[in-house]
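Undergrad: My file is model.pdb. It has PDB, C-alpha atoms:
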ATOM      1  CA  MET A  56       0.000   0.000   0.000  1.00  0.00           C
ATOM      2  CA  THR A  57       1.166   3.498  -0.832  1.00  0.00           C
ATOM      3  CA  LEU A  58       0.243   6.835   0.696  1.00  0.00           C
ATOM      4  CA  HIS A  59      -1.438   7.811  -2.577  1.00  0.00           C
ATOM      5  CA  HIS A  60      -3.626   4.684  -2.408  1.00  0.00           C
ATOM      6  CA  ILE A  61      -4.661   5.377   1.178  1.00  0.00           C
ATOM      7  CA  LEU A  62      -5.475   9.037   0.499  1.00  0.00           C
ATOM      8  CA  SER A  63      -7.117   8.624  -2.887  1.00  0.00           C
ATOM      9  CA  GLU A  64      -8.417   5.172  -3.649  1.00  0.00           C
ATOM     10  CA  CYS A  65      -8.733   3.079  -0.501  1.00  0.00           C
ATOM     11  CA  ASN A  66     -12.337   1.912  -0.105  1.00  0.00           C
ATOM     12  CA  PHE A  67     -11.684   0.870   3.488  1.00  0.00           C
ATOM     13  CA  SER A  68     -10.580   4.404   4.432  1.00  0.00           C
ATOM     14  CA  LEU A  69     -13.575   5.902   2.626  1.00  0.00           C
ATOM     15  CA  GLN A  70     -16.087   3.575   4.258  1.00  0.00           C
ATOM     16  CA  ASP A  71     -14.518   4.001   7.678  1.00  0.00           C
ATOM     17  CA  LYS A  72     -14.786   7.839   7.300  1.00  0.00           C
ATOM     18  CA  ARG A  73     -11.055   8.220   7.966  1.00  0.00           C
ATOM     19  CA  LEU A  74     -10.632  10.772   5.184  1.00  0.00           C
ATOM     20  CA  THR A  75     -13.555  12.846   6.459  1.00  0.00           C
ATOM     21  CA  TRP A  76     -12.107  12.721   9.975  1.00  0.00           C
ATOM     22  CA  ARG A  77      -8.732  13.957   8.720  1.00  0.00           C
ATOM     23  CA  HIS A  78     -10.332  16.772   6.693  1.00  0.00           C
ATOM     24  CA  ASP A  79     -12.541  17.838   9.603  1.00  0.00           C
ATOM     25  CA  SER A  80      -9.611  17.785  12.051  1.00  0.00           C
ATOM     26  CA  VAL A  81      -7.614  20.179   9.867  1.00  0.00           C
ATOM     27  CA  LEU A  82     -10.714  22.312   9.206  1.00  0.00           C
ATOM     28  CA  SER A  83     -11.461  22.561  12.929  1.00  0.00           C
ATOM     29  CA  LEU A  84      -8.015  23.993  13.694  1.00  0.00           C
ATOM     30  CA  ILE A  85      -8.197  26.473  10.822  1.00  0.00           C
ATOM     31  CA  SER A  86     -11.732  27.427  11.803  1.00  0.00           C
ATOM     32  CA  LYS A  87     -10.771  28.249  15.399  1.00  0.00           C
ATOM     33  CA  ALA A  88      -7.873  30.440  14.270  1.00  0.00           C
ATOM     34  CA  LEU A  89     -10.028  32.274  11.705  1.00  0.00           C
ATOM     35  CA  GLN A  90     -12.847  32.836  14.168  1.00  0.00           C
ATOM     36  CA  THR A  91     -10.437  34.319  16.712  1.00  0.00           C
ATOM     37  CA  GLN A  92      -8.978  36.616  14.046  1.00  0.00           C
ATOM     38  CA  LEU A  93     -12.433  37.733  12.865  1.00  0.00           C
ATOM     39  CA  GLU A  94     -13.494  38.553  16.423  1.00  0.00           C
ATOM     40  CA  PHE A  95     -10.347  40.661  16.791  1.00  0.00           C
ATOM     41  CA  ILE A  96     -10.930  42.440  13.460  1.00  0.00           C
ATOM     42  CA  ASN A  97     -14.586  43.102  14.244  1.00  0.00           C
ATOM     43  CA  SER A  98     -13.723  44.548  17.659  1.00  0.00           C
ATOM     44  CA  THR A  99     -10.774  46.721  16.621  1.00  0.00           C
ATOM     45  CA  GLN A 100     -11.569  48.186  13.215  1.00  0.00           C
ATOM     46  CA  ASN A 101     -13.136  51.619  13.406  1.00  0.00           C
ATOM     47  CA  PHE A 102     -14.302  53.384  10.304  1.00  0.00           C
ATOM     48  CA  CYS A 103     -15.071  56.979   9.562  1.00  0.00           C
ATOM     49  CA  SER A 104     -16.225  58.696   6.415  1.00  0.00           C
ATOM     50  CA  LYS A 105     -13.419  61.250   6.173  1.00  0.00           C
ATOM     51  CA  PRO A 106     -10.491  60.433   3.884  1.00  0.00           C
ATOM     52  CA  ALA A 107      -7.083  59.412   5.197  1.00  0.00           C
ATOM     53  CA  PHE A 108      -4.640  62.178   6.077  1.00  0.00           C
ATOM     54  CA  ILE A 109      -1.777  62.648   3.610  1.00  0.00           C
ATOM     55  CA  ASN A 110       1.233  64.648   4.723  1.00  0.00           C
ATOM     56  CA  PHE A 111       3.240  65.949   1.767  1.00  0.00           C
ATOM     57  CA  VAL A 112       6.975  66.453   2.215  1.00  0.00           C
ATOM     58  CA  LYS A 113       9.012  68.963   0.219  1.00  0.00           C
ATOM     59  CA  ALA A 114      11.591  67.352  -2.076  1.00  0.00           C
ATOM     60  CA  GLY A 115      14.958  67.012  -0.357  1.00  0.00           C
ATOM     61  CA  SER A 116      13.588  67.445   3.172  1.00  0.00           C
ATOM     62  CA  GLU A 117      13.391  64.720   5.797  1.00  0.00           C
ATOM     63  CA  ILE A 118      10.191  63.323   7.192  1.00  0.00           C
ATOM     64  CA  ASN A 119       9.646  64.528  10.729  1.00  0.00           C
ATOM     65  CA  GLN A 120       7.915  61.737  12.678  1.00  0.00           C
ATOM     66  CA  LYS A 121       6.636  64.265  15.236  1.00  0.00           C
ATOM     67  CA  HIS A 122       4.531  65.884  12.508  1.00  0.00           C
ATOM     68  CA  ASN A 123       3.587  62.607  10.827  1.00  0.00           C
ATOM     69  CA  PRO A 124       2.981  60.091  13.613  1.00  0.00           C
ATOM     70  CA  LYS A 125       0.563  57.989  11.601  1.00  0.00           C
ATOM     71  CA  LYS A 126       1.880  54.613  10.603  1.00  0.00           C
ATOM     72  CA  GLN A 127       1.030  53.157   7.248  1.00  0.00           C
ATOM     73  CA  ILE A 128      -1.755  50.658   7.685  1.00  0.00           C
ATOM     74  CA  ARG A 129      -1.659  47.631   5.456  1.00  0.00           C
ATOM     75  CA  SER A 130      -4.950  46.636   3.974  1.00  0.00           C
ATOM     76  CA  HIS A 131      -6.030  43.026   3.632  1.00  0.00           C
ATOM     77  CA  LEU A 132      -9.005  41.065   2.426  1.00  0.00           C
ATOM     78  CA  LEU A 133     -10.900  41.741   5.655  1.00  0.00           C
ATOM     79  CA  SER A 134     -10.145  45.478   5.761  1.00  0.00           C
ATOM     80  CA  ASN A 135     -12.898  48.067   5.480  1.00  0.00           C
ATOM     81  CA  ALA A 136     -15.505  46.237   7.546  1.00  0.00           C
ATOM     82  CA  ASN A 137     -16.135  45.243  11.130  1.00  0.00           C
ATOM     83  CA  ASP A 138     -19.283  43.207  10.643  1.00  0.00           C
ATOM     84  CA  TRP A 139     -17.783  39.932   9.426  1.00  0.00           C
ATOM     85  CA  LYS A 140     -19.864  36.821  10.047  1.00  0.00           C
ATOM     86  CA  PHE A 141     -18.528  33.281  10.062  1.00  0.00           C
ATOM     87  CA  LEU A 142     -19.818  29.764   9.387  1.00  0.00           C
ATOM     88  CA  THR A 143     -17.955  26.498   9.135  1.00  0.00           C
ATOM     89  CA  ASP A 144     -19.194  23.137   7.869  1.00  0.00           C
ATOM     90  CA  LEU A 145     -18.202  20.871  10.723  1.00  0.00           C
ATOM     91  CA  PRO A 146     -20.203  18.059  12.326  1.00  0.00           C
ATOM     92  CA  GLY A 147     -22.656  19.381  14.875  1.00  0.00           C
ATOM     93  CA  THR A 148     -22.976  22.863  13.362  1.00  0.00           C
ATOM     94  CA  ASN A 149     -26.236  24.275  12.054  1.00  0.00           C
ATOM     95  CA  TYR A 150     -24.893  25.231   8.645  1.00  0.00           C
ATOM     96  CA  VAL A 151     -27.107  26.924   6.081  1.00  0.00           C
ATOM     97  CA  PHE A 152     -25.683  29.094   3.304  1.00  0.00           C
ATOM     98  CA  PRO A 153     -26.728  32.665   4.249  1.00  0.00           C
ATOM     99  CA  PRO A 154     -30.102  33.256   2.557  1.00  0.00           C
ATOM    100  CA  GLU A 155     -29.473  37.015   2.426  1.00  0.00           C
ATOM    101  CA  VAL A 156     -26.625  36.252   0.015  1.00  0.00           C
ATOM    102  CA  TYR A 157     -28.072  33.431  -2.074  1.00  0.00           C
ATOM    103  CA  SER A 158     -30.285  30.391  -1.613  1.00  0.00           C
ATOM    104  CA  THR A 159     -28.327  27.221  -2.356  1.00  0.00           C
ATOM    105  CA  PRO A 160     -27.732  23.761  -0.931  1.00  0.00           C
ATOM    106  CA  GLU A 161     -23.974  24.154  -1.570  1.00  0.00           C
ATOM    107  CA  ARG A 162     -21.812  23.982   1.546  1.00  0.00           C
ATOM    108  CA  PRO A 163     -18.292  25.385   1.207  1.00  0.00           C
ATOM    109  CA  ASP A 164     -16.130  24.466   4.191  1.00  0.00           C
ATOM    110  CA  ILE A 165     -15.948  28.027   5.540  1.00  0.00           C
ATOM    111  CA  LEU A 166     -18.026  31.110   4.797  1.00  0.00           C
ATOM    112  CA  ILE A 167     -16.997  34.599   5.859  1.00  0.00           C
ATOM    113  CA  TRP A 168     -19.258  37.475   4.805  1.00  0.00           C
ATOM    114  CA  SER A 169     -19.813  41.156   5.422  1.00  0.00           C
ATOM    115  CA  PRO A 170     -23.294  42.627   4.887  1.00  0.00           C
ATOM    116  CA  LYS A 171     -21.737  46.111   4.830  1.00  0.00           C
ATOM    117  CA  LEU A 172     -19.333  45.285   1.979  1.00  0.00           C
ATOM    118  CA  ARG A 173     -21.701  42.729   0.415  1.00  0.00           C
ATOM    119  CA  THR A 174     -18.718  40.411   0.038  1.00  0.00           C
ATOM    120  CA  ILE A 175     -18.681  36.698   0.761  1.00  0.00           C
ATOM    121  CA  LEU A 176     -15.545  34.603   1.026  1.00  0.00           C
ATOM    122  CA  MET A 177     -15.977  30.907   0.383  1.00  0.00           C
ATOM    123  CA  LEU A 178     -13.056  28.823   1.606  1.00  0.00           C
ATOM    124  CA  GLU A 179     -12.654  25.217   0.620  1.00  0.00           C
ATOM    125  CA  LEU A 180     -10.090  22.878   2.170  1.00  0.00           C
ATOM    126  CA  THR A 181      -8.598  19.949   0.286  1.00  0.00           C
ATOM    127  CA  CYS A 182      -6.410  17.305   1.908  1.00  0.00           C
ATOM    128  CA  PRO A 183      -5.016  15.281  -1.007  1.00  0.00           C
ATOM    129  CA  ALA A 184      -1.779  13.421  -1.462  1.00  0.00           C
ATOM    130  CA  GLU A 185       0.957  15.815  -2.549  1.00  0.00           C
ATOM    131  CA  GLU A 186       0.761  14.872  -6.212  1.00  0.00           C
ATOM    132  CA  GLY A 187      -2.992  15.580  -6.243  1.00  0.00           C
ATOM    133  CA  ILE A 188      -3.003  19.177  -4.996  1.00  0.00           C
ATOM    134  CA  GLN A 189      -3.443  20.906  -8.357  1.00  0.00           C
ATOM    135  CA  ALA A 190      -6.124  18.447  -9.485  1.00  0.00           C
ATOM    136  CA  ALA A 191      -8.004  18.913  -6.188  1.00  0.00           C
ATOM    137  CA  LYS A 192      -7.920  22.703  -6.543  1.00  0.00           C
ATOM    138  CA  LEU A 193      -9.177  22.446 -10.128  1.00  0.00           C
ATOM    139  CA  ARG A 194     -12.041  20.150  -9.072  1.00  0.00           C
ATOM    140  CA  THR A 195     -12.997  22.598  -6.320  1.00  0.00           C
ATOM    141  CA  HIS A 196     -13.015  25.588  -8.693  1.00  0.00           C
ATOM    142  CA  CYS A 197     -15.126  23.656 -11.202  1.00  0.00           C
ATOM    143  CA  LYS A 198     -17.546  22.583  -8.474  1.00  0.00           C
ATOM    144  CA  TYR A 199     -18.151  26.124  -7.193  1.00  0.00           C
ATOM    145  CA  MET A 200     -17.942  28.082 -10.458  1.00  0.00           C
ATOM    146  CA  PRO A 201     -21.737  27.919 -11.099  1.00  0.00           C
ATOM    147  CA  LEU A 202     -22.410  29.221  -7.572  1.00  0.00           C
ATOM    148  CA  LEU A 203     -19.910  32.064  -8.022  1.00  0.00           C
ATOM    149  CA  ASN A 204     -21.506  33.015 -11.342  1.00  0.00           C
ATOM    150  CA  ASN A 205     -25.041  32.868  -9.915  1.00  0.00           C
ATOM    151  CA  ILE A 206     -24.143  35.087  -6.962  1.00  0.00           C
ATOM    152  CA  SER A 207     -22.232  37.550  -9.164  1.00  0.00           C
ATOM    153  CA  SER A 208     -24.939  37.892 -11.774  1.00  0.00           C
ATOM    154  CA  GLY A 209     -28.068  37.483  -9.654  1.00  0.00           C
ATOM    155  CA  THR A 210     -27.251  39.520  -6.555  1.00  0.00           C
ATOM    156  CA  ALA A 211     -25.365  42.608  -5.450  1.00  0.00           C
ATOM    157  CA  TRP A 212     -22.879  40.423  -3.574  1.00  0.00           C
ATOM    158  CA  LYS A 213     -19.254  39.869  -4.553  1.00  0.00           C
ATOM    159  CA  PRO A 214     -18.234  36.213  -4.085  1.00  0.00           C
ATOM    160  CA  ILE A 215     -14.598  35.169  -3.663  1.00  0.00           C
ATOM    161  CA  LEU A 216     -13.533  31.512  -3.703  1.00  0.00           C
ATOM    162  CA  LEU A 217     -10.326  30.595  -1.908  1.00  0.00           C
ATOM    163  CA  THR A 218      -9.009  27.067  -1.977  1.00  0.00           C
ATOM    164  CA  PHE A 219      -6.314  25.909   0.335  1.00  0.00           C
ATOM    165  CA  GLY A 220      -4.852  22.520   0.912  1.00  0.00           C
ATOM    166  CA  LYS A 221      -2.991  20.431   3.370  1.00  0.00           C
ATOM    167  CA  GLU A 222      -0.901  17.849   1.641  1.00  0.00           C
ATOM    168  CA  PHE A 223       0.165  14.657   3.328  1.00  0.00           C
TER
END
Can you give me the file's structure in the form of structure tokens?
TA:
Amino acid sequence: MTLHHILSECNFSLQDKRLTWRHDSVLSLISKALQTQLEFINSTQNFCSKPAFINFVKAGSEINQKHNPKKQIRSHLLSNANDWKFLTDLPGTNYVFPPEVYSTPERPDILIWSPKLRTILMLELTCPAEEGIQAAKLRTHCKYMPLLNNISSGTAWKPILLTFGKEF
């Protein structure tokens, strides 16, 4: 038996739910870390309607930190909102794709969405053998492409699909 056989083709592992257990174990760890980060982002990001302050400096002069104490803030995918909501498809969770976004029976592993930005992030975890990573990502994109298109064209929401994998 090879690792590829166990991870990809082994009927015993499939029937015994060993692959699902492995996937859900990895997803649970990622989910806890993401949820902690979202709680931090939601509690610390403050937004105002006035534009950011820009301090121009004359050519050849030095920047005086006393007059420009603001640090450059890096933006990221979760910037510009503090109303992020979170769902994960783990056993024992009451998971329903948010009906305010779109009505579908699809169940991506993790959903993160902001009603304010009308953006939904769909995260899908794959746990293939190393040589199957690219094929697994392609299968995932093909699986969710109709949902992405339906949300994009039928609603005011912006869907983003992110696939990530843990190879063994």
Undergrad: Could you give me, as a list in words, the residues within 12 Å of Phe219 in chain A, counting only C-alpha atoms and dropping anything in the same chain fewer than 5 positions from it?
TA: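 The filter keeps His78, Val81, Leu82, Ile85, Asp164, Ile165, Met177, Leu178, Glu179, Leu180, Thr181, Cys182, Pro183, Ile188, Gln189, Ala191, Lys192, Leu193, Thr195 and His196 of chain A.
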Undergrad: Mind pulling up the distance from CA of Ser169 in chain A to CA of Lys140 in chain A?
TA: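 CA of Lys140 in chain A sits 6.3 Å away from CA of Ser169 in chain A.
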Undergrad: Name the residues in contact with Lys171 in chain A at a cut-off of 10 Å, using all atoms listed in the file, excluding same-chain residues fewer than 4 positions from it; report them as a short mmCIF file (atom, residue, chain, number, x, y, z; two decimals) with C-alpha atoms, keeping the file's coordinate frame.
TA:
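Final file, around18.cif:
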data_model
loop_
_atom_site.label_atom_id
_atom_site.label_comp_id
_atom_site.auth_asym_id
_atom_site.auth_seq_id
_atom_site.Cartn_x
_atom_site.Cartn_y
_atom_site.Cartn_z
CA ASN A 135 -12.90 48.07 5.48
CA ALA A 136 -15.50 46.24 7.55
CA ASN A 137 -16.14 45.24 11.13
CA ASP A 138 -19.28 43.21 10.64
CA TRP A 139 -17.78 39.93 9.43
#
Undergrad: To verify the selection step, state as a compact mmCIF listing (two decimals) with C-alpha atoms, in the coordinates of the input which residues the PyMOL selection byres ((chain A and resi 134) around 10) yields on this input.
TA:
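expr_1.txt was written with the following content:
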# COMPACT_ATOMS: atom_id res chain seq x y z
CA ILE A 96 -10.93 42.44 13.46
CA ASN A 97 -14.59 43.10 14.24
CA GLN A 100 -11.57 48.19 13.22
CA ARG A 129 -1.66 47.63 5.46
CA SER A 130 -4.95 46.64 3.97
CA HIS A 131 -6.03 43.03 3.63
CA LEU A 132 -9.01 41.06 2.43
CA LEU A 133 -10.90 41.74 5.66
CA ASN A 135 -12.90 48.07 5.48
CA ALA A 136 -15.50 46.24 7.55
CA ASN A 137 -16.14 45.24 11.13
CA LEU A 172 -19.33 45.28 1.98
Undergrad: Nearest residue to Val156 in chain A out of A:Lys113, A:Arg173, A:Lys87, A:Lys198, using only C-alpha atoms?
TA: A:Arg173
Undergrad: Can you translate the PyMOL selection byres ((chain A and resi 211) around 10) into the concrete residues it hits in this file, as a PyMOL selection string?
TA: chain A and resi 156+172-174+206-210+212-214
Undergrad: Tyr150 in chain A: which residues within 10 Å, counting only C-alpha atoms, same-chain residues fewer than 3 positions away excluded, as a list in words?
TA: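 Result of the neighbour search: Leu142, Thr143, Asp144, Leu145, Pro146, Gly147, Pro153, Arg162, Pro163, Asp164, Ile165 and Leu166 of chain A.
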